[in-house]
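Participant: Next comes run.cif, mmCIF, C-alpha atoms:
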data_data
#
loop_
_atom_site.label_atom_id
_atom_site.label_comp_id
_atom_site.auth_asym_id
_atom_site.auth_seq_id
_atom_site.Cartn_x
_atom_site.Cartn_y
_atom_site.Cartn_z
CA MET V 1 -38.16 -47.32 -3.72
CA ASN V 2 -39.13 -45.17 -0.73
CA ASN V 3 -38.89 -41.39 -0.47
CA LYS V 4 -35.53 -41.53 1.27
CA GLU V 5 -34.00 -43.56 -1.52
CA ALA V 6 -35.35 -41.18 -4.17
CA ASN V 7 -33.43 -38.20 -2.78
CA HIS V 8 -30.11 -39.35 -4.24
CA PHE V 9 -29.13 -40.61 -7.68
CA ALA V 10 -26.21 -43.05 -7.81
CA LEU V 11 -23.50 -42.86 -10.48
CA ASP V 12 -21.47 -46.00 -11.06
CA PRO V 13 -17.96 -45.02 -12.31
CA SER V 14 -17.80 -46.49 -15.82
CA GLU V 15 -16.82 -45.98 -19.45
CA GLU V 16 -20.26 -44.48 -20.08
CA VAL V 17 -19.70 -41.87 -17.36
CA VAL V 18 -16.30 -41.01 -18.90
CA LYS V 19 -17.93 -40.47 -22.32
CA ARG V 20 -20.40 -38.04 -20.75
CA ALA V 21 -17.64 -36.25 -18.86
CA ASN V 22 -15.71 -35.77 -22.12
CA LYS V 23 -18.55 -33.57 -23.33
CA LEU V 24 -18.04 -31.23 -20.35
CA CYS V 25 -14.23 -30.88 -20.44
CA LYS V 26 -11.04 -32.77 -21.20
CA ALA V 27 -9.06 -34.68 -18.60
CA THR V 28 -5.83 -32.83 -17.86
CA SER V 29 -2.88 -33.18 -15.49
CA ASN V 30 -2.08 -30.22 -13.23
CA ARG V 31 1.61 -31.14 -13.03
CA LYS V 32 3.92 -33.44 -14.95
CA GLY V 33 3.74 -36.96 -13.58
CA GLU V 34 0.40 -36.45 -11.83
CA PRO V 35 -2.79 -38.26 -12.90
CA LYS V 36 -5.25 -36.65 -15.26
CA PHE V 37 -8.62 -35.48 -13.97
CA TYR V 38 -11.80 -34.10 -15.44
CA ILE V 39 -11.88 -30.70 -13.80
CA THR V 40 -12.90 -27.20 -14.84
CA GLU V 41 -10.79 -24.13 -14.12
CA GLU V 42 -13.16 -23.06 -11.33
CA MET V 43 -13.12 -26.54 -9.79
CA SER V 44 -9.32 -26.60 -9.99
CA ARG V 45 -9.06 -23.51 -7.79
CA LEU V 46 -11.14 -25.25 -5.11
CA SER V 47 -9.69 -28.76 -5.37
CA THR V 48 -6.97 -30.13 -3.11
CA PRO V 49 -3.66 -30.41 -5.03
CA TRP V 50 -2.81 -34.03 -5.79
CA SER V 51 0.48 -33.90 -3.86
CA ILE V 52 -1.33 -32.77 -0.70
CA ALA V 53 -4.15 -35.29 -1.23
CA GLN V 54 -1.60 -38.10 -1.47
CA ALA V 55 0.37 -36.87 1.55
CA ARG V 56 -2.78 -36.88 3.65
CA ALA V 57 -3.64 -40.41 2.59
CA ASN V 58 -0.12 -41.51 3.52
CA GLN V 59 -0.52 -40.03 7.01
CA ILE V 60 -3.28 -42.52 7.82
CA ASP V 61 -2.50 -46.06 8.94
CA PRO V 62 -4.99 -48.33 7.14
CA ASP V 63 -4.96 -50.67 10.14
CA SER V 64 -6.26 -47.86 12.36
CA LEU V 65 -9.50 -47.71 10.41
CA PRO V 66 -12.49 -49.97 11.02
CA ALA V 67 -14.11 -51.83 8.16
CA GLY V 68 -16.10 -49.93 5.56
CA VAL V 69 -15.94 -47.33 2.81
CA ILE V 70 -14.32 -43.89 2.69
CA LEU V 71 -17.05 -41.26 2.49
CA ASP V 72 -16.52 -37.76 1.09
CA ALA V 73 -19.73 -35.86 1.81
CA ALA V 74 -18.85 -32.92 -0.48
CA ALA V 75 -16.65 -34.68 -3.00
CA GLY V 76 -16.19 -32.03 -5.70
CA SER V 77 -13.78 -33.35 -8.34
CA GLY V 78 -13.00 -36.33 -6.10
CA THR V 79 -9.23 -35.68 -5.93
CA GLN V 80 -8.96 -36.21 -2.18
CA LEU V 81 -11.38 -39.15 -2.17
CA ILE V 82 -9.40 -40.88 -4.93
CA ALA V 83 -6.14 -40.41 -3.01
CA PHE V 84 -7.76 -41.97 0.06
CA THR V 85 -9.19 -44.95 -1.81
CA GLN V 86 -5.84 -45.63 -3.47
CA GLY V 87 -3.73 -45.15 -0.35
CA LEU V 88 -6.04 -46.95 2.07
CA LYS V 89 -7.20 -49.67 -0.34
CA ARG V 90 -10.86 -49.01 0.41
CA PRO V 91 -13.97 -48.39 -1.70
CA GLY V 92 -15.00 -44.76 -2.04
CA LEU V 93 -18.40 -43.09 -1.73
CA GLY V 94 -18.66 -39.49 -2.88
CA ILE V 95 -21.67 -37.19 -2.49
CA GLU V 96 -22.00 -34.06 -4.59
CA LEU V 97 -24.95 -31.69 -4.98
CA ASP V 98 -24.02 -30.40 -8.47
CA PRO V 99 -24.89 -33.07 -11.10
CA GLU V 100 -22.15 -32.03 -13.56
CA VAL V 101 -19.47 -31.96 -10.86
CA ALA V 102 -20.71 -35.35 -9.60
CA LEU V 103 -20.42 -36.73 -13.14
CA MET V 104 -16.81 -35.55 -13.41
CA CYS V 105 -16.05 -36.98 -9.97
CA ALA V 106 -17.35 -40.39 -11.04
CA ALA V 107 -15.36 -40.19 -14.28
CA ASN V 108 -12.22 -39.33 -12.30
CA MET V 109 -12.75 -42.31 -10.02
CA TYR V 110 -13.01 -44.58 -13.04
CA ILE V 111 -9.97 -43.34 -14.99
CA SER V 112 -7.85 -43.37 -11.80
CA SER V 113 -8.72 -46.95 -10.87
CA SER V 114 -7.05 -50.20 -11.69
CA LYS V 115 -9.47 -52.31 -13.67
CA ASP V 116 -8.48 -55.50 -11.81
CA ASP V 117 -9.17 -53.95 -8.38
CA LEU V 118 -12.35 -55.66 -7.21
CA GLN V 119 -12.98 -53.01 -4.55
CA ARG V 120 -13.56 -50.46 -7.28
CA SER V 121 -16.83 -52.21 -8.09
CA MET V 122 -18.13 -50.69 -4.83
CA ASP V 123 -17.17 -47.09 -5.74
CA ARG V 124 -20.13 -44.76 -6.18
CA VAL V 125 -20.89 -41.05 -6.50
CA LEU V 126 -24.29 -39.88 -5.29
CA ILE V 127 -25.96 -36.75 -6.62
CA GLY V 128 -27.74 -35.13 -3.71
CA ASP V 129 -27.49 -33.53 -0.28
CA GLY V 130 -24.55 -34.68 1.86
CA THR V 131 -26.45 -34.00 5.08
CA ASP V 132 -29.23 -36.47 4.20
CA ALA V 133 -27.40 -39.54 5.47
CA GLU V 134 -30.39 -41.90 5.61
CA SER V 135 -31.24 -41.35 1.97
CA ALA V 136 -27.60 -41.46 0.88
CA ILE V 137 -26.74 -44.75 2.57
CA ALA V 138 -29.98 -46.34 1.36
CA SER V 139 -29.28 -45.19 -2.21
CA TYR V 140 -25.72 -46.50 -2.00
CA TRP V 141 -26.72 -49.93 -0.74
CA ASN V 142 -29.54 -50.12 -3.30
CA SER V 143 -27.09 -49.32 -6.11
CA LEU V 144 -24.78 -52.08 -4.90
CA ARG V 145 -27.67 -54.57 -4.84
CA GLN V 146 -28.67 -53.62 -8.40
CA SER V 147 -25.12 -54.36 -9.57
CA GLY V 148 -25.14 -57.76 -7.88
CA THR V 149 -23.22 -56.87 -4.69
CA ARG V 150 -24.97 -58.03 -1.54
CA ALA V 151 -22.67 -56.17 0.87
CA HIS V 152 -23.97 -53.31 3.02
CA PRO V 153 -20.67 -51.64 3.94
CA PRO V 154 -20.68 -49.05 6.76
CA VAL V 155 -18.61 -45.86 6.70
CA ALA V 156 -15.03 -46.38 7.88
CA MET V 157 -14.02 -42.73 7.55
CA LEU V 158 -15.76 -39.43 6.82
CA HIS V 159 -14.04 -36.59 4.96
CA LEU V 160 -15.63 -33.18 4.57
CA ASP V 161 -14.25 -30.16 2.72
CA PRO V 162 -17.21 -27.75 2.73
CA ALA V 163 -17.49 -24.91 0.23
CA ARG V 164 -16.99 -21.37 1.54
CA PRO V 165 -16.95 -17.85 0.05
CA THR V 166 -13.84 -17.18 -2.03
CA ASP V 167 -13.75 -13.41 -1.52
CA ALA V 168 -13.93 -13.16 2.29
CA GLN V 169 -10.93 -12.12 4.40
CA ARG V 170 -12.35 -14.03 7.35
CA HIS V 171 -14.56 -17.10 7.31
CA GLU V 172 -17.41 -18.04 9.62
CA ILE V 173 -18.57 -21.56 10.45
CA ASP V 174 -22.11 -20.84 9.26
CA GLU V 175 -20.81 -19.84 5.80
CA MET V 176 -19.75 -23.40 5.05
CA GLN V 177 -21.87 -25.63 2.82
CA PRO V 178 -22.83 -28.28 3.64
CA SER V 179 -23.14 -27.20 7.27
CA ILE V 180 -20.89 -29.13 9.66
CA THR V 181 -23.29 -29.61 12.59
CA PRO V 182 -26.24 -31.29 10.81
CA LEU V 183 -23.90 -33.34 8.62
CA LEU V 184 -21.99 -34.81 11.56
CA LYS V 185 -25.24 -35.49 13.41
CA ALA V 186 -26.76 -37.19 10.38
CA TRP V 187 -23.78 -39.50 9.77
CA SER V 188 -22.92 -40.24 13.41
CA THR V 189 -25.00 -43.43 13.49
CA HIS V 190 -23.44 -44.72 10.25
CA LEU V 191 -19.79 -44.26 11.24
CA GLU V 192 -17.96 -47.35 12.40
CA THR V 193 -16.12 -46.72 15.67
CA GLY V 194 -12.59 -47.89 16.41
CA PRO V 195 -10.80 -47.97 19.79
CA ARG V 196 -10.18 -44.19 19.54
CA GLY V 197 -13.58 -43.29 18.12
CA PRO V 198 -14.86 -42.69 14.58
CA ALA V 199 -12.45 -41.52 11.86
CA ILE V 200 -13.27 -38.01 10.61
CA LEU V 201 -11.22 -35.47 8.68
CA LEU V 202 -12.59 -31.93 8.41
CA ASP V 203 -10.94 -29.62 5.88
CA LEU V 204 -11.49 -26.05 7.04
CA SER V 205 -10.63 -22.56 5.92
CA PRO V 206 -7.13 -21.34 6.92
CA ARG V 207 -8.87 -18.01 7.58
CA LEU V 208 -10.78 -19.31 10.59
CA SER V 209 -10.16 -17.22 13.69
CA GLU V 210 -9.29 -18.73 17.06
CA GLU V 211 -12.91 -18.20 18.14
CA GLN V 212 -14.21 -20.03 15.06
CA ARG V 213 -11.84 -22.93 15.69
CA ALA V 214 -13.17 -23.12 19.26
CA LEU V 215 -16.67 -23.41 17.78
CA VAL V 216 -15.57 -26.34 15.63
CA ASP V 217 -14.09 -27.98 18.74
CA ALA V 218 -17.41 -27.49 20.54
CA ILE V 219 -19.34 -29.01 17.62
CA LEU V 220 -17.07 -32.05 17.56
CA GLU V 221 -17.20 -32.49 21.33
CA THR V 222 -20.99 -32.31 21.29
CA SER V 223 -21.26 -34.75 18.38
CA PHE V 224 -18.60 -37.20 19.60
CA PRO V 225 -17.95 -36.63 23.33
CA GLY V 226 -14.46 -37.44 24.53
CA THR V 227 -13.15 -38.34 21.07
CA PRO V 228 -9.53 -37.17 20.58
CA ARG V 229 -8.69 -34.74 17.78
CA THR V 230 -5.61 -33.18 16.23
CA TRP V 231 -5.56 -29.78 14.55
CA GLU V 232 -3.20 -29.57 11.59
CA TRP V 233 -1.70 -26.48 9.96
CA LEU V 234 -0.13 -27.15 6.55
CA SER V 235 2.14 -24.78 4.65
CA GLN V 236 3.70 -24.94 1.22
CA GLY V 237 6.16 -22.21 2.08
CA GLY V 238 4.55 -19.24 0.37
CA GLY V 239 4.31 -17.12 3.51
CA ARG V 240 0.75 -18.23 4.27
CA ILE V 241 -1.19 -21.13 5.74
CA ASP V 242 -2.41 -23.27 2.85
CA ARG V 243 -4.53 -25.83 4.69
CA LEU V 244 -6.19 -26.09 8.08
CA SER V 245 -7.79 -29.36 9.12
CA VAL V 246 -8.86 -31.32 12.16
CA TRP V 247 -8.28 -35.08 12.39
CA VAL V 248 -10.70 -36.89 14.68
CA GLY V 249 -10.79 -40.22 16.47
CA SER V 250 -9.01 -43.12 14.81
CA ILE V 251 -6.95 -40.84 12.53
CA SER V 252 -5.97 -38.32 15.22
CA SER V 253 -2.45 -38.16 16.60
CA LEU V 254 -1.54 -38.58 20.27
CA LYS V 255 -0.82 -34.82 20.26
CA PRO V 256 -3.47 -32.08 19.92
CA VAL V 257 -1.61 -30.01 17.28
CA ARG V 258 0.49 -30.77 14.21
CA CYS V 259 2.28 -28.49 11.75
CA VAL V 260 3.31 -29.80 8.32
CA ARG V 261 5.69 -28.19 5.86
CA MET V 262 4.86 -29.49 2.40
CA GLY V 263 7.16 -29.31 -0.61
CA ARG V 264 6.03 -29.48 -4.20
CA LYS V 265 5.66 -33.25 -4.13
CA LYS V 266 6.25 -34.54 -0.61
CA VAL V 267 6.15 -33.70 3.09
CA MET V 268 9.38 -31.96 4.10
CA ALA V 269 8.83 -31.85 7.85
CA THR V 270 6.24 -32.50 10.55
CA ILE V 271 6.20 -31.30 14.15
CA GLU V 272 3.63 -32.23 16.80
CA GLY V 273 2.94 -31.12 20.33
CA SER V 274 0.79 -28.90 22.51
CA PRO V 275 0.35 -25.22 21.59
CA ARG V 276 2.00 -22.56 23.71
CA SER V 277 1.81 -18.78 23.64
CA SER V 278 4.77 -16.39 23.72
CA GLU V 279 5.39 -12.76 24.50
CA ILE V 280 6.67 -10.34 21.89
CA THR V 281 9.72 -8.25 22.73
CA LYS V 282 9.52 -4.63 21.60
CA LEU V 283 12.92 -3.14 20.85
CA ASN V 284 13.57 0.55 21.55
CA LYS V 285 16.98 0.53 19.91
CA PRO V 286 18.53 -1.26 16.91
CA PRO V 287 19.40 -4.91 17.51
CA PRO V 288 23.15 -5.51 17.88
CA TYR V 289 25.42 -6.50 15.03
CA GLY V 290 26.33 -10.16 15.26
CA ALA V 291 22.90 -11.21 16.51
CA TRP V 292 20.85 -13.52 14.28
CA ILE V 293 17.47 -12.82 12.70
CA THR V 294 15.31 -15.75 11.58
CA ILE V 295 12.13 -15.48 9.50
CA LEU V 296 9.81 -18.42 10.17
CA ASP V 297 6.93 -20.03 8.35
CA PRO V 298 3.77 -18.37 9.72
CA ALA V 299 2.03 -21.77 9.92
CA LEU V 300 4.46 -22.74 12.68
CA ILE V 301 3.47 -19.66 14.68
CA GLN V 302 -0.27 -20.08 14.07
CA SER V 303 -0.12 -23.70 15.19
CA GLY V 304 1.40 -22.63 18.51
CA LEU V 305 4.30 -25.07 18.06
CA HIS V 306 6.99 -22.39 17.64
CA GLU V 307 8.28 -22.87 21.20
CA THR V 308 8.48 -26.64 20.68
CA TRP V 309 10.47 -25.98 17.49
CA LEU V 310 12.69 -23.41 19.22
CA GLU V 311 13.70 -25.91 21.90
CA LYS V 312 15.08 -28.12 19.15
CA VAL V 313 17.23 -25.45 17.45
CA LEU V 314 18.48 -23.10 20.16
CA HIS V 315 21.94 -23.45 21.73
CA GLU V 316 21.73 -24.21 25.42
CA ASP V 317 23.50 -20.96 26.38
CA ALA V 318 21.90 -18.78 23.67
CA GLY V 319 19.27 -16.14 24.25
CA SER V 320 16.29 -15.44 22.00
CA SER V 321 13.22 -13.22 21.68
CA TRP V 322 10.19 -13.12 19.41
CA LEU V 323 10.11 -9.76 17.63
CA ARG V 324 7.05 -10.35 15.45
CA MET V 325 4.50 -13.16 15.43
CA ASP V 326 1.84 -12.02 12.98
CA GLY V 327 1.74 -11.49 9.23
CA ARG V 328 3.74 -13.35 6.59
CA ARG V 329 7.18 -12.83 8.17
CA PRO V 330 7.36 -13.76 11.87
CA LEU V 331 10.75 -12.73 13.30
CA LEU V 332 12.96 -14.37 15.91
CA ILE V 333 16.21 -12.82 17.18
CA SER V 334 18.89 -14.99 18.81
CA THR V 335 22.37 -14.40 20.16
CA GLU V 336 23.74 -17.43 18.28
CA PRO V 337 22.99 -19.10 14.94
CA LEU V 338 20.37 -21.81 15.23
CA ILE V 339 21.23 -25.51 15.20
CA ILE V 340 19.05 -26.66 12.34
CA ASP V 341 18.74 -29.98 10.55
CA GLU V 342 16.65 -31.13 7.62
CA GLU V 343 13.47 -31.36 9.71
CA THR V 344 13.71 -28.07 11.59
CA GLU V 345 15.12 -26.11 8.63
CA ALA V 346 11.94 -26.76 6.63
CA PHE V 347 10.13 -24.18 8.78
CA VAL V 348 12.83 -21.51 8.23
CA ILE V 349 12.28 -18.99 5.45
CA ALA V 350 15.63 -17.26 6.04
CA SER V 351 18.18 -16.93 8.84
CA GLY V 352 21.22 -14.70 8.98
CA GLU V 353 23.61 -12.56 10.99
CA ILE V 354 22.87 -8.84 11.32
CA VAL V 355 25.50 -6.87 9.40
CA GLN V 356 23.75 -3.56 8.59
CA HIS V 357 21.10 -1.12 9.81
CA ARG V 358 19.38 1.17 7.35
CA LEU V 359 17.11 4.03 8.40
CA SER V 360 15.08 4.19 5.18
CA PRO V 361 13.59 1.62 2.81
CA PRO V 362 15.24 0.85 -0.52
CA GLU V 363 13.96 3.10 -3.29
CA LEU V 364 14.58 3.32 -7.01
CA SER V 365 16.85 6.35 -6.45
CA THR V 366 18.88 4.65 -3.69
CA ILE V 367 19.16 1.07 -4.94
CA GLN V 368 22.79 1.58 -5.97
CA LEU V 369 23.65 2.77 -2.45
CA VAL V 370 21.99 -0.34 -1.06
CA SER V 371 23.92 -2.64 -3.39
CA ASP V 372 27.24 -0.88 -2.61
CA ALA V 373 26.65 -1.35 1.12
CA CYS V 374 25.81 -5.02 0.63
CA GLU V 375 28.94 -5.52 -1.45
CA ARG V 376 31.06 -4.00 1.33
CA ALA V 377 29.46 -6.51 3.71
CA GLY V 378 30.50 -9.33 1.41
CA ILE V 379 26.99 -10.26 0.32
CA GLY V 380 26.50 -11.44 -3.24
CA LYS V 381 22.69 -11.47 -3.39
CA VAL V 382 20.06 -9.81 -1.21
CA THR V 383 16.39 -10.78 -1.09
CA LEU V 384 14.04 -7.99 -0.03
CA ARG V 385 11.90 -9.63 2.66
CA CYS V 386 10.44 -6.38 3.96
CA SER V 387 7.13 -4.59 3.52
CA LEU V 388 7.46 -2.39 0.43
CA ASP V 389 5.08 -0.87 -2.08
CA PRO V 390 3.91 -3.93 -4.09
CA GLU V 391 3.91 -1.80 -7.24
CA ILE V 392 7.68 -1.27 -7.13
CA HIS V 393 8.85 -4.23 -5.02
CA PRO V 394 9.57 -6.48 -8.06
CA THR V 395 11.40 -3.64 -9.84
CA LEU V 396 13.54 -2.94 -6.77
CA GLN V 397 14.43 -6.63 -6.48
CA ARG V 398 15.39 -6.87 -10.17
CA ARG V 399 17.60 -3.78 -10.00
CA LEU V 400 19.28 -4.96 -6.83
CA ASP V 401 19.94 -8.37 -8.40
CA LYS V 402 21.43 -6.67 -11.45
CA ALA V 403 23.65 -4.38 -9.35
CA LEU V 404 25.05 -7.36 -7.40
CA LYS V 405 25.32 -9.68 -10.39
CA GLU V 406 29.13 -9.63 -10.47
CA VAL V 407 29.60 -9.67 -6.70
CA GLU V 408 30.74 -12.91 -5.12
CA GLY V 409 29.63 -13.80 -1.61
CA PRO V 410 26.95 -15.50 0.44
CA ARG V 411 23.26 -14.72 0.17
CA GLY V 412 21.54 -12.24 2.41
CA PHE V 413 18.15 -10.64 3.05
CA MET V 414 16.63 -7.40 4.28
CA VAL V 415 13.81 -7.24 6.85
CA ASP V 416 11.88 -4.36 8.37
CA LEU V 417 11.47 -3.97 12.12
CA ASP V 418 9.49 -1.38 14.09
CA LEU V 419 11.40 0.20 16.98
CA ASP V 420 9.34 1.46 19.91
CA ARG V 421 10.30 5.07 20.57
CA GLY V 422 7.82 5.72 23.36
CA SER V 423 5.81 8.41 21.58
CA GLY V 424 5.70 6.40 18.39
CA SER V 425 7.59 3.88 16.31
CA HIS V 426 10.28 4.00 13.65
CA THR V 427 10.88 1.37 11.00
CA LEU V 428 14.43 0.09 10.75
CA TYR V 429 15.65 -1.93 7.76
CA ILE V 430 18.09 -4.68 8.71
CA VAL V 431 20.45 -6.50 6.35
CA CYS V 432 21.40 -10.03 7.37
CA ARG V 433 24.08 -12.31 5.92
CA GLU V 434 23.16 -15.97 5.68
CA LYS V 435 25.55 -18.84 6.43
#
Before we go any further, please render this structure as C-alpha cells.

Facilitator:
Amino acid sequence: MNNKEANHFALDPSEEVVKRANKLCKATSNRKGEPKFYITEEMSRLSTPWSIAQARANQIDPDSLPAGVILDAAAGSGTQLIAFTQGLKRPGLGIELDPEVALMCAANMYISSSKDDLQRSMDRVLIGDGTDAESAIASYWNSLRQSGTRAHPPVAMLHLDPARPTDAQRHEIDEMQPSITPLLKAWSTHLETGPRGPAILLDLSPRLSEEQRALVDAILETSFPGTPRTWEWLSQGGGRIDRLSVWVGSISSLKPVRCVRMGRKKVMATIEGSPRSSEITKLNKPPPYGAWITILDPALIQSGLHETWLEKVLHEDAGSSWLRMDGRRPLLISTEPLIIDEETEAFVIASGEIVQHRLSPPELSTIQLVSDACERAGIGKVTLRCSLDPEIHPTLQRRLDKALKEVEGPRGFMVDLDLDRGSGSHTLYIVCREK
C-alpha cells in the first residue's frame, strides 16, 4: 500500500459496523414513517431532513447521470447520500473526517439497504480528508478489490454539504470545511462528464450574501468552464430560507434559478426562471380599503423569481406594488385579489382585503378593542403577522384568539407597514380579511 492509499481507512457497511454503532447511540426515527438512523443530537441539527433528502433525489433523472458511484465528500450521518443511492439506484461512497461519525454513516447505509441489492456491496465510507481525492479513490478501489470486486467505478455525481459555524449571522466561503475550491479541483479529474458536464450538488448556507454567491459562481466557472448551473432556494414555510444549493452540469435545470416550497413530506410547488429585481414603493398615506395585501415566502423574493410568480397570479387589468422585500414578511399590494392555484398558492403566507387601519400596535391593555374592531369587520380569527415584542407576542395572540373564540367569520391577519412622512416614518397596523 502506498502513502496515498494509507491516508484513508475504508469502512464496509456491515453487521459488525452496526454493532459498533450501537455502542455510540441508538438508531431512531426523526418522524413517524421515516427510516431509523444512528445519529446524535448534535448531528441531527446539522443533517438534512429525510423528506428534503428524498425530494432532492427525486429531482434528479437517473438517466441524466453518467456511470459511476454517488460521492458525498463530507457525508456526516449519510442521510442525503442514502437518499441518493436509493433514488438513483447507484452505489454510494461517503467520506467523513470524524471516525465516530463515519462509523454511524456506514451503519446507516447498512440498515437502510436492501440485502438483495447487489449494488450495496460497492457502498463504502472512508475515514479521512475529502479534499484528498487521489488517496480516497485509491482506498475505495483497493477496498473493492479486497472484497472480491474487480470494478473501478468512477464518480457519477459529487455532493458536498460543508460544515460551517452555527452561531454566525452571515457566512463566508472560507469558513466552510472542507473548502470548496481545493475539493472541486481535486475531484475534477475523477468526475465522469455527461453531455451537460459533470454532476455536482453543492449545499450551501442560506446566510450567504449575494457577493458570497458570486464567489461560488466564480469558483465553479473556474473549475468547470461553461458548465451550466442552477441556484435553488428551498423553503419549508417558516418565514425563512431553509436550504440554498447550486446544481451543476448534468443535474442542472435549463433555467438559472429555482425556488422550491417544501411541505412536511413532499414538494408543494416549484418555480423556475431568471432572476429579476424590483423597486419598492414607499407609501406616504394609508393604503386604500378594498386593496389586497399579500405576504409572500421570503425564499421567493430572495430567489429573484417573485416577478415570474406575479405574472402568473395578477389579473390583466390589476395594479400592484412591492411594499417590502426584506425580512420574514415581504409585502405585495394589489388592486384585485390574486388568481392563485395550488402551485402559486404554496408561496403565499397570507392574502387578504384591507378592512382596517390602526395607528398603534396591539397591546395587553388594548387587545379587547382590537378584537371588537375585528368582530365588527366580520373576522372570526386574526393572526398577528406584525413585528411585536417577542416577549409578549404569544400572549397577545392567545388573548386575541380567546376574545374572538365565539365570533363567526373568515380568518384575517394584521401586518405592520411603515409610511414615509418625509421627515420620518410612522408605522401603520393594517387588518386584512382573507377570502

Participant: Listing only residues of region 261-365 of chain V within 10 Å of region 372-386 of chain V, what is the closest atom pair and its distance in Å (to one decimal) for each, using only C-alpha atoms, sorted by chain and residue number ascending, as a tab-separated table?

Facilitator:
residue	atom	partner	partner_atom	distance
V:Ile295	CA	V:Arg385	CA	9.0
V:Arg328	CA	V:Arg385	CA	9.8
V:Arg329	CA	V:Arg385	CA	7.9
V:Ile349	CA	V:Arg385	CA	9.8
V:Ala350	CA	V:Arg385	CA	9.1
V:Val355	CA	V:Ala377	CA	6.9
V:Gln356	CA	V:Ala377	CA	8.1
V:Arg358	CA	V:Ala373	CA	9.9
V:Pro361	CA	V:Cys386	CA	8.7
V:Pro362	CA	V:Leu384	CA	8.9

Participant: For each of V:Asn142, V:Ser121, V:Ser51, V:Ser44, take the minimum atom-to-atom distance to Ser77 (chain V), counting all atoms listed in the file, then give the residue where this is smallest.

Facilitator: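 For Ser77 (chain V), the nearest of the given residues is V:Ser44.
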
Participant: Just the residues within 6 Å of region 186-196 of chain V, please, counting all atoms listed in the file, with nothing from its chain fewer than 4 positions along; format it as a ChimeraX atom specification.

Facilitator: /V:66,133,155-156,182,249-250

Participant: Rounded to one decimal in Å, what is the spacing between CA of Met176 (chain V) and CA of Ile127 (chain V)?

Facilitator: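 That distance, rounded to one decimal, is 18.8 Å.
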
Participant: Given the file shown, determine the residues that the PyMOL selection byres ((chain V and resi 62) around 9) selects; report them as an NGL selection string.

Facilitator: :V and (60-61 or 63-66 or 87-90)

Participant: Can you measure CA of Asp297 (chain V) to CA of Ile173 (chain V) for me? One decimal in Å is fine.

Facilitator: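 Between CA of Asp297 (chain V) and CA of Ile173 (chain V) the gap works out to 25.6 Å.
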
Participant: Could you give me, as a list in words, the residues that sit within 7 Å of (-13.2, -38.2, 5.8) in the file's coordinates, counting all atoms listed in the file?

Facilitator: Ile70, Leu71, Asp72, Met157, Leu158, His159, Leu160, Ala199, Ile200, Leu201 and Leu202 of chain V

Participant: Quick check on the file I pasted: which residues fall under the PyMOL selection byres ((chain V and resi 45) around 12)? Write them as a PyMOL selection string.

Facilitator: chain V and resi 30+39-44+46-49+76-77+163+166

Participant: With distances taken over all atoms listed in the file, which residue among V:Thr79, V:Ser425, V:Thr227, V:Ser278 lies nearest Leu254 (chain V)?

Facilitator: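 Checking each of V:Thr79, V:Ser425, V:Thr227, V:Ser278 against Leu254 (chain V), counting all atoms listed in the file, the winner is V:Thr227.
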
Participant: One decimal, in Å: what's the spacing between CA of Pro330 (chain V) and CA of Arg399 (chain V)?

Facilitator: 26.1 Å

Participant: Counting all atoms listed in the file, write as a list in words all protein and nucleic acid residues lying at most 10 Å from (1.6, -24.5, 12.3) in the file's frame.

Facilitator: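 Those within range, by chain then number, are Trp231, Glu232, Trp233, Leu234, Ser235, Ile241, Arg243, Leu244, Val257, Arg258, Cys259, Val260, Arg261, Thr270, Ile271, Glu272, Pro275, Asp297, Pro298, Ala299, Leu300, Ile301, Gln302, Ser303, Gly304, Leu305, His306 and Phe347 of chain V.
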
Participant: Put those residues in a file: C-alpha atoms, as a PDB file, keeping the file's coordinate frame.

Facilitator:
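Output saved as result_22.pdb:
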ATOM      1  CA  TRP V 231      -5.560 -29.780  14.550  1.00  0.00           C
ATOM      2  CA  GLU V 232      -3.200 -29.570  11.590  1.00  0.00           C
ATOM      3  CA  TRP V 233      -1.700 -26.480   9.960  1.00  0.00           C
ATOM      4  CA  LEU V 234      -0.130 -27.150   6.550  1.00  0.00           C
ATOM      5  CA  SER V 235       2.140 -24.780   4.650  1.00  0.00           C
ATOM      6  CA  ILE V 241      -1.190 -21.130   5.740  1.00  0.00           C
ATOM      7  CA  ARG V 243      -4.530 -25.830   4.690  1.00  0.00           C
ATOM      8  CA  LEU V 244      -6.190 -26.090   8.080  1.00  0.00           C
ATOM      9  CA  VAL V 257      -1.610 -30.010  17.280  1.00  0.00           C
ATOM     10  CA  ARG V 258       0.490 -30.770  14.210  1.00  0.00           C
ATOM     11  CA  CYS V 259       2.280 -28.490  11.750  1.00  0.00           C
ATOM     12  CA  VAL V 260       3.310 -29.800   8.320  1.00  0.00           C
ATOM     13  CA  ARG V 261       5.690 -28.190   5.860  1.00  0.00           C
ATOM     14  CA  THR V 270       6.240 -32.500  10.550  1.00  0.00           C
ATOM     15  CA  ILE V 271       6.200 -31.300  14.150  1.00  0.00           C
ATOM     16  CA  GLU V 272       3.630 -32.230  16.800  1.00  0.00           C
ATOM     17  CA  PRO V 275       0.350 -25.220  21.590  1.00  0.00           C
ATOM     18  CA  ASP V 297       6.930 -20.030   8.350  1.00  0.00           C
ATOM     19  CA  PRO V 298       3.770 -18.370   9.720  1.00  0.00           C
ATOM     20  CA  ALA V 299       2.030 -21.770   9.920  1.00  0.00           C
ATOM     21  CA  LEU V 300       4.460 -22.740  12.680  1.00  0.00           C
ATOM     22  CA  ILE V 301       3.470 -19.660  14.680  1.00  0.00           C
ATOM     23  CA  GLN V 302      -0.270 -20.080  14.070  1.00  0.00           C
ATOM     24  CA  SER V 303      -0.120 -23.700  15.190  1.00  0.00           C
ATOM     25  CA  GLY V 304       1.400 -22.630  18.510  1.00  0.00           C
ATOM     26  CA  LEU V 305       4.300 -25.070  18.060  1.00  0.00           C
ATOM     27  CA  HIS V 306       6.990 -22.390  17.640  1.00  0.00           C
ATOM     28  CA  PHE V 347      10.130 -24.180   8.780  1.00  0.00           C
TER      29      PHE V 347
END

Participant: Which of these, V:Met268, V:Ala291, V:Leu419, V:Leu364, has the shortest distance to Arg324 (chain V) once you count all atoms listed in the file?

Facilitator: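 Closest to Arg324 (chain V), using all atoms listed in the file: V:Leu419.
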
Participant: Asp161 (chain V): which residues within 8 Å, counting all atoms listed in the file, same-chain residues fewer than 5 positions away excluded, as an NGL selection string?

Facilitator: :V and (73-75 or 202-204)
